[in-house]
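Here's data26.pdb, which has PDB, C-alpha atoms:
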ATOM      1  CA  MET A   1     -65.946 -51.673 -81.711  1.00  0.00           C
ATOM      2  CA  ASN A   2     -68.021 -49.216 -83.670  1.00  0.00           C
ATOM      3  CA  GLU A   3     -66.570 -46.259 -85.552  1.00  0.00           C
ATOM      4  CA  ALA A   4     -67.520 -43.681 -82.936  1.00  0.00           C
ATOM      5  CA  GLN A   5     -65.639 -45.549 -80.204  1.00  0.00           C
ATOM      6  CA  ARG A   6     -62.630 -45.989 -82.416  1.00  0.00           C
ATOM      7  CA  GLN A   7     -62.595 -42.280 -83.221  1.00  0.00           C
ATOM      8  CA  HIS A   8     -62.971 -41.542 -79.503  1.00  0.00           C
ATOM      9  CA  TYR A   9     -59.868 -43.606 -78.679  1.00  0.00           C
ATOM     10  CA  LEU A  10     -57.925 -41.936 -81.443  1.00  0.00           C
ATOM     11  CA  LYS A  11     -58.851 -38.531 -80.043  1.00  0.00           C
ATOM     12  CA  ALA A  12     -57.693 -39.627 -76.569  1.00  0.00           C
ATOM     13  CA  LEU A  13     -54.368 -40.706 -78.074  1.00  0.00           C
ATOM     14  CA  GLY A  14     -53.890 -37.256 -79.590  1.00  0.00           C
ATOM     15  CA  LEU A  15     -54.514 -38.282 -83.185  1.00  0.00           C
ATOM     16  CA  THR A  16     -56.708 -36.415 -85.599  1.00  0.00           C
ATOM     17  CA  PRO A  17     -59.575 -38.661 -86.705  1.00  0.00           C
ATOM     18  CA  TRP A  18     -61.464 -37.853 -89.876  1.00  0.00           C
ATOM     19  CA  VAL A  19     -63.920 -39.500 -92.189  1.00  0.00           C
ATOM     20  CA  ALA A  20     -64.626 -38.317 -95.671  1.00  0.00           C
ATOM     21  CA  ARG A  21     -68.221 -37.115 -95.892  1.00  0.00           C
ATOM     22  CA  ALA A  22     -68.186 -37.160 -99.719  1.00  0.00           C
ATOM     23  CA  PRO A  23     -67.057 -40.040-101.937  1.00  0.00           C
ATOM     24  CA  LEU A  24     -63.417 -39.750-102.982  1.00  0.00           C
ATOM     25  CA  PRO A  25     -62.176 -40.795-106.421  1.00  0.00           C
ATOM     26  CA  GLY A  26     -60.807 -44.317-106.326  1.00  0.00           C
ATOM     27  CA  ALA A  27     -61.606 -44.756-102.599  1.00  0.00           C
ATOM     28  CA  ALA A  28     -64.107 -46.950-100.836  1.00  0.00           C
ATOM     29  CA  SER A  29     -67.283 -45.253 -99.768  1.00  0.00           C
ATOM     30  CA  SER A  30     -67.273 -43.962 -96.159  1.00  0.00           C
ATOM     31  CA  PRO A  31     -70.355 -44.532 -94.008  1.00  0.00           C
ATOM     32  CA  LEU A  32     -72.158 -41.463 -92.688  1.00  0.00           C
ATOM     33  CA  LEU A  33     -71.876 -41.440 -88.909  1.00  0.00           C
ATOM     34  CA  ASP A  34     -74.423 -40.244 -86.425  1.00  0.00           C
ATOM     35  CA  TRP A  35     -71.929 -38.576 -84.012  1.00  0.00           C
ATOM     36  CA  GLU A  36     -74.481 -37.560 -81.396  1.00  0.00           C
ATOM     37  CA  ASP A  37     -75.939 -41.054 -80.978  1.00  0.00           C
ATOM     38  CA  GLU A  38     -72.608 -42.892 -80.990  1.00  0.00           C
ATOM     39  CA  GLU A  39     -70.658 -40.467 -78.803  1.00  0.00           C
ATOM     40  CA  GLU A  40     -73.242 -40.931 -76.068  1.00  0.00           C
ATOM     41  CA  GLN A  41     -71.759 -44.417 -75.510  1.00  0.00           C
ATOM     42  CA  PRO A  42     -68.420 -43.528 -73.844  1.00  0.00           C
ATOM     43  CA  ALA A  43     -68.806 -46.405 -71.384  1.00  0.00           C
ATOM     44  CA  ALA A  44     -67.107 -48.690 -73.817  1.00  0.00           C
ATOM     45  CA  PRO A  45     -64.756 -51.509 -72.779  1.00  0.00           C
ATOM     46  CA  THR A  46     -61.802 -50.098 -70.877  1.00  0.00           C
ATOM     47  CA  SER A  47     -59.261 -52.492 -72.321  1.00  0.00           C
ATOM     48  CA  PRO A  48     -57.730 -51.338 -75.613  1.00  0.00           C
ATOM     49  CA  ALA A  49     -57.168 -54.955 -76.637  1.00  0.00           C
ATOM     50  CA  PRO A  50     -60.115 -54.988 -79.093  1.00  0.00           C
ATOM     51  CA  VAL A  51     -58.281 -52.339 -81.116  1.00  0.00           C
ATOM     52  CA  GLN A  52     -56.390 -55.136 -82.832  1.00  0.00           C
ATOM     53  CA  ASP A  53     -59.646 -56.668 -84.073  1.00  0.00           C
ATOM     54  CA  ALA A  54     -61.148 -53.459 -85.456  1.00  0.00           C
ATOM     55  CA  PRO A  55     -61.150 -53.286 -89.237  1.00  0.00           C
ATOM     56  CA  ALA A  56     -60.071 -49.690 -89.657  1.00  0.00           C
ATOM     57  CA  PRO A  57     -58.995 -47.682 -92.688  1.00  0.00           C
ATOM     58  CA  ALA A  58     -55.327 -47.490 -93.493  1.00  0.00           C
ATOM     59  CA  PRO A  59     -54.505 -43.926 -92.243  1.00  0.00           C
ATOM     60  CA  PRO A  60     -55.621 -44.399 -88.585  1.00  0.00           C
ATOM     61  CA  GLN A  61     -54.105 -47.912 -88.412  1.00  0.00           C
ATOM     62  CA  THR A  62     -50.643 -46.678 -89.417  1.00  0.00           C
ATOM     63  CA  ALA A  63     -50.773 -43.777 -86.953  1.00  0.00           C
ATOM     64  CA  ALA A  64     -51.837 -45.811 -83.909  1.00  0.00           C
ATOM     65  CA  PRO A  65     -48.688 -48.019 -83.663  1.00  0.00           C
ATOM     66  CA  VAL A  66     -46.505 -44.892 -83.648  1.00  0.00           C
ATOM     67  CA  VAL A  67     -47.940 -43.933 -80.263  1.00  0.00           C
ATOM     68  CA  SER A  68     -47.400 -47.392 -78.825  1.00  0.00           C
ATOM     69  CA  GLU A  69     -43.786 -47.419 -80.011  1.00  0.00           C
ATOM     70  CA  ALA A  70     -42.916 -44.127 -78.284  1.00  0.00           C
ATOM     71  CA  PRO A  71     -42.303 -45.635 -74.823  1.00  0.00           C
ATOM     72  CA  VAL A  72     -40.328 -48.451 -76.430  1.00  0.00           C
ATOM     73  CA  GLN A  73     -37.836 -45.882 -77.773  1.00  0.00           C
ATOM     74  CA  GLU A  74     -37.467 -44.225 -74.370  1.00  0.00           C
ATOM     75  CA  ALA A  75     -36.803 -47.487 -72.507  1.00  0.00           C
ATOM     76  CA  PRO A  76     -33.195 -48.066 -73.707  1.00  0.00           C
ATOM     77  CA  GLN A  77     -32.267 -44.489 -72.754  1.00  0.00           C
ATOM     78  CA  SER A  78     -32.629 -45.074 -69.005  1.00  0.00           C
ATOM     79  CA  PRO A  79     -29.865 -47.711 -68.657  1.00  0.00           C
ATOM     80  CA  SER A  80     -27.534 -45.464 -70.658  1.00  0.00           C
ATOM     81  CA  LEU A  81     -27.666 -42.765 -67.955  1.00  0.00           C
ATOM     82  CA  PRO A  82     -25.757 -44.667 -65.269  1.00  0.00           C
ATOM     83  CA  LYS A  83     -23.284 -45.797 -67.902  1.00  0.00           C
ATOM     84  CA  ALA A  84     -22.543 -42.191 -68.809  1.00  0.00           C
ATOM     85  CA  ALA A  85     -22.208 -41.340 -65.127  1.00  0.00           C
ATOM     86  CA  THR A  86     -19.624 -44.070 -64.641  1.00  0.00           C
ATOM     87  CA  ASP A  87     -17.677 -42.923 -67.691  1.00  0.00           C
ATOM     88  CA  THR A  88     -17.323 -39.305 -66.529  1.00  0.00           C
ATOM     89  CA  PRO A  89     -14.870 -39.710 -63.607  1.00  0.00           C
ATOM     90  CA  GLN A  90     -11.957 -40.804 -65.797  1.00  0.00           C
ATOM     91  CA  PRO A  91      -9.559 -37.874 -65.715  1.00  0.00           C
ATOM     92  CA  ALA A  92      -7.228 -40.084 -63.694  1.00  0.00           C
ATOM     93  CA  PRO A  93      -4.261 -39.536 -66.083  1.00  0.00           C
ATOM     94  CA  THR A  94      -4.345 -35.830 -65.258  1.00  0.00           C
ATOM     95  CA  ALA A  95      -3.569 -36.443 -61.605  1.00  0.00           C
ATOM     96  CA  PRO A  96       0.149 -37.335 -62.178  1.00  0.00           C
ATOM     97  CA  ALA A  97       0.528 -34.400 -64.585  1.00  0.00           C
ATOM     98  CA  ALA A  98      -0.951 -32.015 -61.988  1.00  0.00           C
ATOM     99  CA  ALA A  99       1.503 -33.355 -59.326  1.00  0.00           C
ATOM    100  CA  LYS A 100       4.520 -32.759 -61.597  1.00  0.00           C
ATOM    101  CA  GLY A 101       3.374 -29.214 -62.296  1.00  0.00           C
ATOM    102  CA  LYS A 102       3.296 -28.134 -58.673  1.00  0.00           C
ATOM    103  CA  GLY A 103       6.928 -27.077 -58.673  1.00  0.00           C
ATOM    104  CA  LEU A 104       9.157 -26.490 -55.630  1.00  0.00           C
ATOM    105  CA  THR A 105       8.303 -24.632 -52.446  1.00  0.00           C
ATOM    106  CA  PHE A 106      11.088 -23.683 -50.019  1.00  0.00           C
ATOM    107  CA  THR A 107      12.637 -20.757 -48.178  1.00  0.00           C
ATOM    108  CA  LEU A 108      16.369 -20.156 -47.604  1.00  0.00           C
ATOM    109  CA  GLU A 109      17.884 -17.923 -44.936  1.00  0.00           C
ATOM    110  CA  ALA A 110      21.217 -16.428 -46.033  1.00  0.00           C
ATOM    111  CA  HIS A 111      24.058 -15.085 -43.859  1.00  0.00           C
ATOM    112  CA  LEU A 112      27.550 -13.914 -44.783  1.00  0.00           C
ATOM    113  CA  GLY A 113      30.431 -15.212 -42.693  1.00  0.00           C
ATOM    114  CA  GLY A 114      33.845 -14.029 -43.838  1.00  0.00           C
ATOM    115  CA  ASP A 115      33.977 -14.866 -47.538  1.00  0.00           C
ATOM    116  CA  THR A 116      31.311 -17.579 -47.358  1.00  0.00           C
ATOM    117  CA  TRP A 117      27.583 -17.239 -47.839  1.00  0.00           C
ATOM    118  CA  LEU A 118      25.737 -19.698 -45.645  1.00  0.00           C
ATOM    119  CA  LEU A 119      22.213 -20.557 -46.884  1.00  0.00           C
ATOM    120  CA  CYS A 120      20.011 -22.859 -44.805  1.00  0.00           C
ATOM    121  CA  ALA A 121      16.582 -24.218 -45.721  1.00  0.00           C
ATOM    122  CA  GLN A 122      13.815 -23.496 -43.242  1.00  0.00           C
ATOM    123  CA  GLU A 123      11.993 -26.594 -42.053  1.00  0.00           C
ATOM    124  CA  ASP A 124       8.737 -24.611 -42.369  1.00  0.00           C
ATOM    125  CA  SER A 125       8.856 -22.600 -45.582  1.00  0.00           C
ATOM    126  CA  GLN A 126       5.890 -20.469 -44.446  1.00  0.00           C
ATOM    127  CA  ALA A 127       7.445 -19.500 -41.099  1.00  0.00           C
ATOM    128  CA  PRO A 128       8.991 -16.025 -40.641  1.00  0.00           C
ATOM    129  CA  GLY A 129      12.372 -17.593 -39.811  1.00  0.00           C
ATOM    130  CA  LEU A 130      14.194 -20.643 -38.520  1.00  0.00           C
ATOM    131  CA  GLY A 131      12.618 -22.775 -35.820  1.00  0.00           C
ATOM    132  CA  ARG A 132      13.639 -22.570 -32.171  1.00  0.00           C
ATOM    133  CA  PHE A 133      15.853 -25.649 -32.518  1.00  0.00           C
ATOM    134  CA  GLU A 134      17.279 -24.672 -35.916  1.00  0.00           C
ATOM    135  CA  ALA A 135      18.275 -21.141 -34.872  1.00  0.00           C
ATOM    136  CA  PRO A 136      20.861 -22.195 -32.229  1.00  0.00           C
ATOM    137  CA  LEU A 137      22.478 -24.637 -34.665  1.00  0.00           C
ATOM    138  CA  MET A 138      22.606 -21.902 -37.290  1.00  0.00           C
ATOM    139  CA  ALA A 139      24.270 -19.598 -34.759  1.00  0.00           C
ATOM    140  CA  ASN A 140      26.964 -22.232 -34.138  1.00  0.00           C
ATOM    141  CA  LEU A 141      27.674 -22.487 -37.868  1.00  0.00           C
ATOM    142  CA  LEU A 142      27.869 -18.716 -38.183  1.00  0.00           C
ATOM    143  CA  ALA A 143      30.303 -18.584 -35.252  1.00  0.00           C
ATOM    144  CA  LEU A 144      32.473 -21.088 -37.101  1.00  0.00           C
ATOM    145  CA  PHE A 145      32.700 -18.641 -40.023  1.00  0.00           C
ATOM    146  CA  GLN A 146      33.070 -15.636 -37.694  1.00  0.00           C
ATOM    147  CA  ALA A 147      29.922 -14.035 -39.050  1.00  0.00           C
ATOM    148  CA  ARG A 148      28.897 -10.651 -37.698  1.00  0.00           C
ATOM    149  CA  PRO A 149      25.335 -10.256 -36.377  1.00  0.00           C
ATOM    150  CA  GLN A 150      23.209  -8.896 -39.188  1.00  0.00           C
ATOM    151  CA  ARG A 151      19.744  -9.113 -40.618  1.00  0.00           C
ATOM    152  CA  PRO A 152      19.464 -12.279 -42.713  1.00  0.00           C
ATOM    153  CA  ARG A 153      18.565 -12.273 -46.395  1.00  0.00           C
ATOM    154  CA  ARG A 154      15.921 -14.691 -47.629  1.00  0.00           C
ATOM    155  CA  PHE A 155      15.224 -16.494 -50.870  1.00  0.00           C
ATOM    156  CA  PHE A 156      11.618 -17.526 -51.448  1.00  0.00           C
ATOM    157  CA  CYS A 157      10.483 -20.129 -53.942  1.00  0.00           C
ATOM    158  CA  PRO A 158       8.238 -19.649 -55.793  1.00  0.00           C
ATOM    159  CA  LEU A 159       8.925 -15.966 -56.365  1.00  0.00           C
ATOM    160  CA  THR A 160       5.283 -15.327 -57.336  1.00  0.00           C
ATOM    161  CA  ASP A 161       1.971 -17.111 -56.927  1.00  0.00           C
ATOM    162  CA  GLN A 162       2.727 -19.223 -59.985  1.00  0.00           C
ATOM    163  CA  PRO A 163       4.426 -22.638 -59.489  1.00  0.00           C
ATOM    164  CA  MET A 164       8.150 -22.685 -60.247  1.00  0.00           C
ATOM    165  CA  PRO A 165       9.703 -25.820 -61.762  1.00  0.00           C
ATOM    166  CA  ALA A 166      13.019 -27.042 -60.432  1.00  0.00           C
ATOM    167  CA  ALA A 167      15.010 -25.757 -63.424  1.00  0.00           C
ATOM    168  CA  GLU A 168      13.643 -22.230 -63.045  1.00  0.00           C
ATOM    169  CA  ALA A 169      14.131 -22.328 -59.274  1.00  0.00           C
ATOM    170  CA  SER A 170      17.783 -23.303 -59.758  1.00  0.00           C
ATOM    171  CA  GLN A 171      18.343 -20.402 -62.176  1.00  0.00           C
ATOM    172  CA  ALA A 172      16.644 -17.960 -59.808  1.00  0.00           C
ATOM    173  CA  LEU A 173      18.758 -19.154 -56.873  1.00  0.00           C
ATOM    174  CA  SER A 174      21.937 -18.839 -58.940  1.00  0.00           C
ATOM    175  CA  ALA A 175      21.030 -15.256 -59.842  1.00  0.00           C
ATOM    176  CA  PHE A 176      20.185 -14.514 -56.187  1.00  0.00           C
ATOM    177  CA  ILE A 177      23.590 -15.732 -55.008  1.00  0.00           C
ATOM    178  CA  ALA A 178      25.389 -13.834 -57.760  1.00  0.00           C
ATOM    179  CA  GLY A 179      23.606 -10.677 -56.651  1.00  0.00           C
ATOM    180  CA  LEU A 180      24.547 -11.245 -53.004  1.00  0.00           C
ATOM    181  CA  CYS A 181      28.209 -11.656 -53.898  1.00  0.00           C
ATOM    182  CA  GLU A 182      28.216  -8.538 -56.054  1.00  0.00           C
ATOM    183  CA  GLN A 183      26.572  -6.408 -53.367  1.00  0.00           C
ATOM    184  CA  ALA A 184      28.234  -7.658 -50.173  1.00  0.00           C
ATOM    185  CA  GLY A 185      31.167  -9.740 -51.355  1.00  0.00           C
ATOM    186  CA  GLY A 186      31.735 -13.432 -50.809  1.00  0.00           C
ATOM    187  CA  GLU A 187      33.607 -16.091 -52.744  1.00  0.00           C
ATOM    188  CA  ARG A 188      31.999 -19.351 -51.637  1.00  0.00           C
ATOM    189  CA  VAL A 189      28.516 -20.700 -50.966  1.00  0.00           C
ATOM    190  CA  LEU A 190      27.598 -23.330 -48.388  1.00  0.00           C
ATOM    191  CA  LEU A 191      24.034 -24.633 -48.554  1.00  0.00           C
ATOM    192  CA  CYS A 192      22.297 -26.747 -45.908  1.00  0.00           C
ATOM    193  CA  LEU A 193      19.518 -28.437 -47.855  1.00  0.00           C
ATOM    194  CA  PRO A 194      17.426 -31.607 -47.619  1.00  0.00           C
ATOM    195  CA  GLU A 195      18.538 -34.317 -50.003  1.00  0.00           C
ATOM    196  CA  ALA A 196      15.395 -34.213 -52.185  1.00  0.00           C
ATOM    197  CA  LEU A 197      15.582 -30.438 -52.599  1.00  0.00           C
ATOM    198  CA  SER A 198      19.300 -30.522 -53.381  1.00  0.00           C
ATOM    199  CA  GLU A 199      18.900 -33.152 -56.088  1.00  0.00           C
ATOM    200  CA  ALA A 200      15.931 -31.320 -57.605  1.00  0.00           C
ATOM    201  CA  LEU A 201      17.834 -28.036 -57.797  1.00  0.00           C
ATOM    202  CA  PHE A 202      21.306 -29.212 -58.813  1.00  0.00           C
ATOM    203  CA  ASP A 203      20.821 -32.779 -60.099  1.00  0.00           C
ATOM    204  CA  GLN A 204      23.813 -34.093 -58.204  1.00  0.00           C
ATOM    205  CA  PRO A 205      24.478 -35.697 -54.792  1.00  0.00           C
ATOM    206  CA  ARG A 206      25.355 -33.649 -51.752  1.00  0.00           C
ATOM    207  CA  TYR A 207      28.821 -33.279 -50.186  1.00  0.00           C
ATOM    208  CA  GLN A 208      30.443 -32.690 -53.604  1.00  0.00           C
ATOM    209  CA  PRO A 209      31.677 -29.245 -54.726  1.00  0.00           C
ATOM    210  CA  PHE A 210      30.287 -27.518 -57.813  1.00  0.00           C
ATOM    211  CA  GLU A 211      29.832 -24.003 -59.169  1.00  0.00           C
ATOM    212  CA  LEU A 212      26.783 -21.855 -58.436  1.00  0.00           C
ATOM    213  CA  GLY A 213      26.332 -18.226 -59.438  1.00  0.00           C
ATOM    214  CA  GLY A 214      29.969 -18.086 -60.520  1.00  0.00           C
ATOM    215  CA  ARG A 215      31.137 -19.150 -57.041  1.00  0.00           C
ATOM    216  CA  GLN A 216      32.393 -22.396 -55.528  1.00  0.00           C
ATOM    217  CA  ALA A 217      29.478 -24.132 -53.802  1.00  0.00           C
ATOM    218  CA  LEU A 218      28.900 -27.098 -51.544  1.00  0.00           C
ATOM    219  CA  VAL A 219      25.664 -28.688 -50.311  1.00  0.00           C
ATOM    220  CA  VAL A 220      25.576 -30.438 -46.938  1.00  0.00           C
ATOM    221  CA  SER A 221      22.793 -31.805 -44.740  1.00  0.00           C
ATOM    222  CA  SER A 222      19.941 -29.562 -43.673  1.00  0.00           C
ATOM    223  CA  LEU A 223      19.656 -28.209 -40.147  1.00  0.00           C
ATOM    224  CA  ALA A 224      16.616 -30.415 -39.524  1.00  0.00           C
ATOM    225  CA  GLU A 225      18.573 -33.527 -40.557  1.00  0.00           C
ATOM    226  CA  MET A 226      21.498 -32.557 -38.321  1.00  0.00           C
ATOM    227  CA  LEU A 227      19.117 -32.196 -35.390  1.00  0.00           C
ATOM    228  CA  ALA A 228      17.263 -35.459 -36.106  1.00  0.00           C
ATOM    229  CA  GLU A 229      20.359 -37.641 -36.750  1.00  0.00           C
ATOM    230  CA  PRO A 230      23.438 -35.729 -35.592  1.00  0.00           C
ATOM    231  CA  ALA A 231      25.800 -38.702 -35.675  1.00  0.00           C
ATOM    232  CA  GLN A 232      25.200 -39.253 -39.374  1.00  0.00           C
ATOM    233  CA  HIS A 233      24.519 -35.823 -40.834  1.00  0.00           C
ATOM    234  CA  LYS A 234      26.831 -33.664 -38.724  1.00  0.00           C
ATOM    235  CA  LYS A 235      29.720 -36.022 -39.392  1.00  0.00           C
ATOM    236  CA  ALA A 236      29.104 -36.230 -43.148  1.00  0.00           C
ATOM    237  CA  SER A 237      28.654 -32.465 -43.405  1.00  0.00           C
ATOM    238  CA  TRP A 238      31.771 -31.623 -41.405  1.00  0.00           C
ATOM    239  CA  GLN A 239      33.936 -34.036 -43.392  1.00  0.00           C
ATOM    240  CA  ALA A 240      32.719 -32.537 -46.693  1.00  0.00           C
ATOM    241  CA  MET A 241      33.332 -28.993 -45.393  1.00  0.00           C
ATOM    242  CA  GLN A 242      36.884 -29.817 -44.328  1.00  0.00           C
ATOM    243  CA  ALA A 243      37.692 -31.614 -47.545  1.00  0.00           C
ATOM    244  CA  ASN A 244      36.592 -28.625 -49.663  1.00  0.00           C
ATOM    245  CA  GLY A 245      37.853 -25.737 -47.518  1.00  0.00           C
ATOM    246  CA  PHE A 246      34.507 -24.754 -45.961  1.00  0.00           C
ATOM    247  CA  HIS A 247      35.694 -24.741 -42.342  1.00  0.00           C
ATOM    248  CA  GLY A 248      35.853 -21.063 -41.465  1.00  0.00           C
ATOM    249  CA  GLU A 249      38.938 -19.003 -40.736  1.00  0.00           C
TER     250      GLU A 249
END

Would you give me this structure, written as structure tokens?
Amino acid sequence: MNEAQRQHYLKALGLTPWVARAPLPGAASSPLLDWEDEEEQPAAPTSPAPVQDAPAPAPPQTAAPVVSEAPVQEAPQSPSLPKAATDTPQPAPTAPAAAKGKGLTFTLEAHLGGDTWLLCAQEDSQAPGLGRFEAPLMANLLALFQARPQRPRRFFCPLTDQPMPAAEASQALSAFIAGLCEQAGGERVLLCLPEALSEALFDQPRYQPFELGGRQALVVSSLAEMLAEPAQHKKASWQAMQANGFHGE
């Protein structure tokens, strides 16, 4: 390959070809090139293989391999992309933490019968009241305590849009009951709660007396459980109520 063709390839590769037109101190003499005659021969061999055989000066030779190495540096980057994509979906440990932080969600309907506050958990916490099967059972319990017809009070958890942990929900419920007793009277509290909700709020099994809001309290089966399995839950609830004095007048 002559010098004009070599310079032409270097230009196509984006390199800056140059040849000293005057002798340089300590350097080999550069031949004077006839650019017009040699550039008229662009129909040179299309394969760049002869570039390896061309005796070229040091500056262009060192620059040419840099261009050929550029795609070699980009090649290992492509397999790293799917690897990064597979590494991203690994926030799995956050899922259990997010589940624990949800807090409790429930609604209690409260009625006063004699000296006993009767609080029952709604099967649907988002409903405006008890279900059509729960309401008649609640009426029977209120008749047992000789409750007068009145508008029920309700306790909603959470109190705001923010999640409420079980410990905070228990404190809020205790304050709610204390306020009810101060405003309307009452000395005892009977709660009809599901087992999971009762253990989360009070950390103790049902059917055993304890103190809540400064009043004697007892947790029995929920209305939904009494309706689903009356033989088991109505019997266990009634026995606990009799044993602890929660059987009306």

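Between CA of Leu173 (chain A) and CA of Arg188 (chain A) the separation is 14.2 Å.
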
Run through the PyMOL selection byres ((chain A and resi 125-135) around 7) on the given coordinates and return the selected residues as an mmCIF file with C-alpha atoms, in the frame of the given file.
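See result.cif below for the written result:
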data_model
loop_
_atom_site.group_PDB
_atom_site.id
_atom_site.type_symbol
_atom_site.label_atom_id
_atom_site.label_comp_id
_atom_site.auth_asym_id
_atom_site.auth_seq_id
_atom_site.Cartn_x
_atom_site.Cartn_y
_atom_site.Cartn_z
ATOM 1 C CA PHE A 106 11.088 -23.683 -50.019
ATOM 2 C CA THR A 107 12.637 -20.757 -48.178
ATOM 3 C CA GLN A 122 13.815 -23.496 -43.242
ATOM 4 C CA GLU A 123 11.993 -26.594 -42.053
ATOM 5 C CA ASP A 124 8.737 -24.611 -42.369
ATOM 6 C CA PRO A 136 20.861 -22.195 -32.229
ATOM 7 C CA LEU A 137 22.478 -24.637 -34.665
ATOM 8 C CA MET A 138 22.606 -21.902 -37.290
ATOM 9 C CA ALA A 139 24.270 -19.598 -34.759
ATOM 10 C CA LEU A 223 19.656 -28.209 -40.147
ATOM 11 C CA ALA A 224 16.616 -30.415 -39.524
#

Let me know the residues the PyMOL selection byres ((chain A and resi 146) around 8) catches in the file above, as a PyMOL selection string. chain A and resi 113-114+142-145+147-148+248-249

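Proximity ranking of A:Ala228, A:Leu218, A:Cys157, A:Ile177 relative to Ala243 (chain A) places A:Leu218 first, based on only C-alpha atoms.
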
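CA of Leu112 (chain A) is positioned 20.9 Å from CA of Gln208 (chain A).
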
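Distance annotation: of A:Cys181, A:Leu104, A:Cys192, A:Leu201, the residue with the minimal separation from Gly213 (chain A) is A:Cys181; atom set is only C-alpha atoms.
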
Please expand the PyMOL selection byres ((chain A and resi 117) around 8) into the concrete residues it hits in this file, giving the result as a short mmCIF file (atom, residue, chain, number, x, y, z; two decimals) with C-alpha atoms, in the frame of the given file.
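Final file, part.cif:
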data_model
loop_
_atom_site.label_atom_id
_atom_site.label_comp_id
_atom_site.auth_asym_id
_atom_site.auth_seq_id
_atom_site.Cartn_x
_atom_site.Cartn_y
_atom_site.Cartn_z
CA ALA A 110 21.22 -16.43 -46.03
CA HIS A 111 24.06 -15.08 -43.86
CA LEU A 112 27.55 -13.91 -44.78
CA GLY A 113 30.43 -15.21 -42.69
CA ASP A 115 33.98 -14.87 -47.54
CA THR A 116 31.31 -17.58 -47.36
CA LEU A 118 25.74 -19.70 -45.64
CA LEU A 119 22.21 -20.56 -46.88
CA GLY A 186 31.74 -13.43 -50.81
CA GLU A 187 33.61 -16.09 -52.74
CA ARG A 188 32.00 -19.35 -51.64
CA VAL A 189 28.52 -20.70 -50.97
CA LEU A 190 27.60 -23.33 -48.39
#

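Comparing the minimum interatomic distances between His247 (chain A) and each of A:Gln232, A:Leu141, A:Gly179, A:Leu191, counting all atoms listed in the file, we find that A:Leu141 sits nearest.
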
Could you work out how far CA of Ala240 (chain A) lies from CA of Gln183 (chain A), giving the answer in Å with one decimal? 27.7 Å

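For the residues A:Asn140, A:Leu108, A:Ser237, A:Glu195, ranking by smallest atom-to-atom distance to Pro152 (chain A) using only C-alpha atoms places A:Leu108 first.
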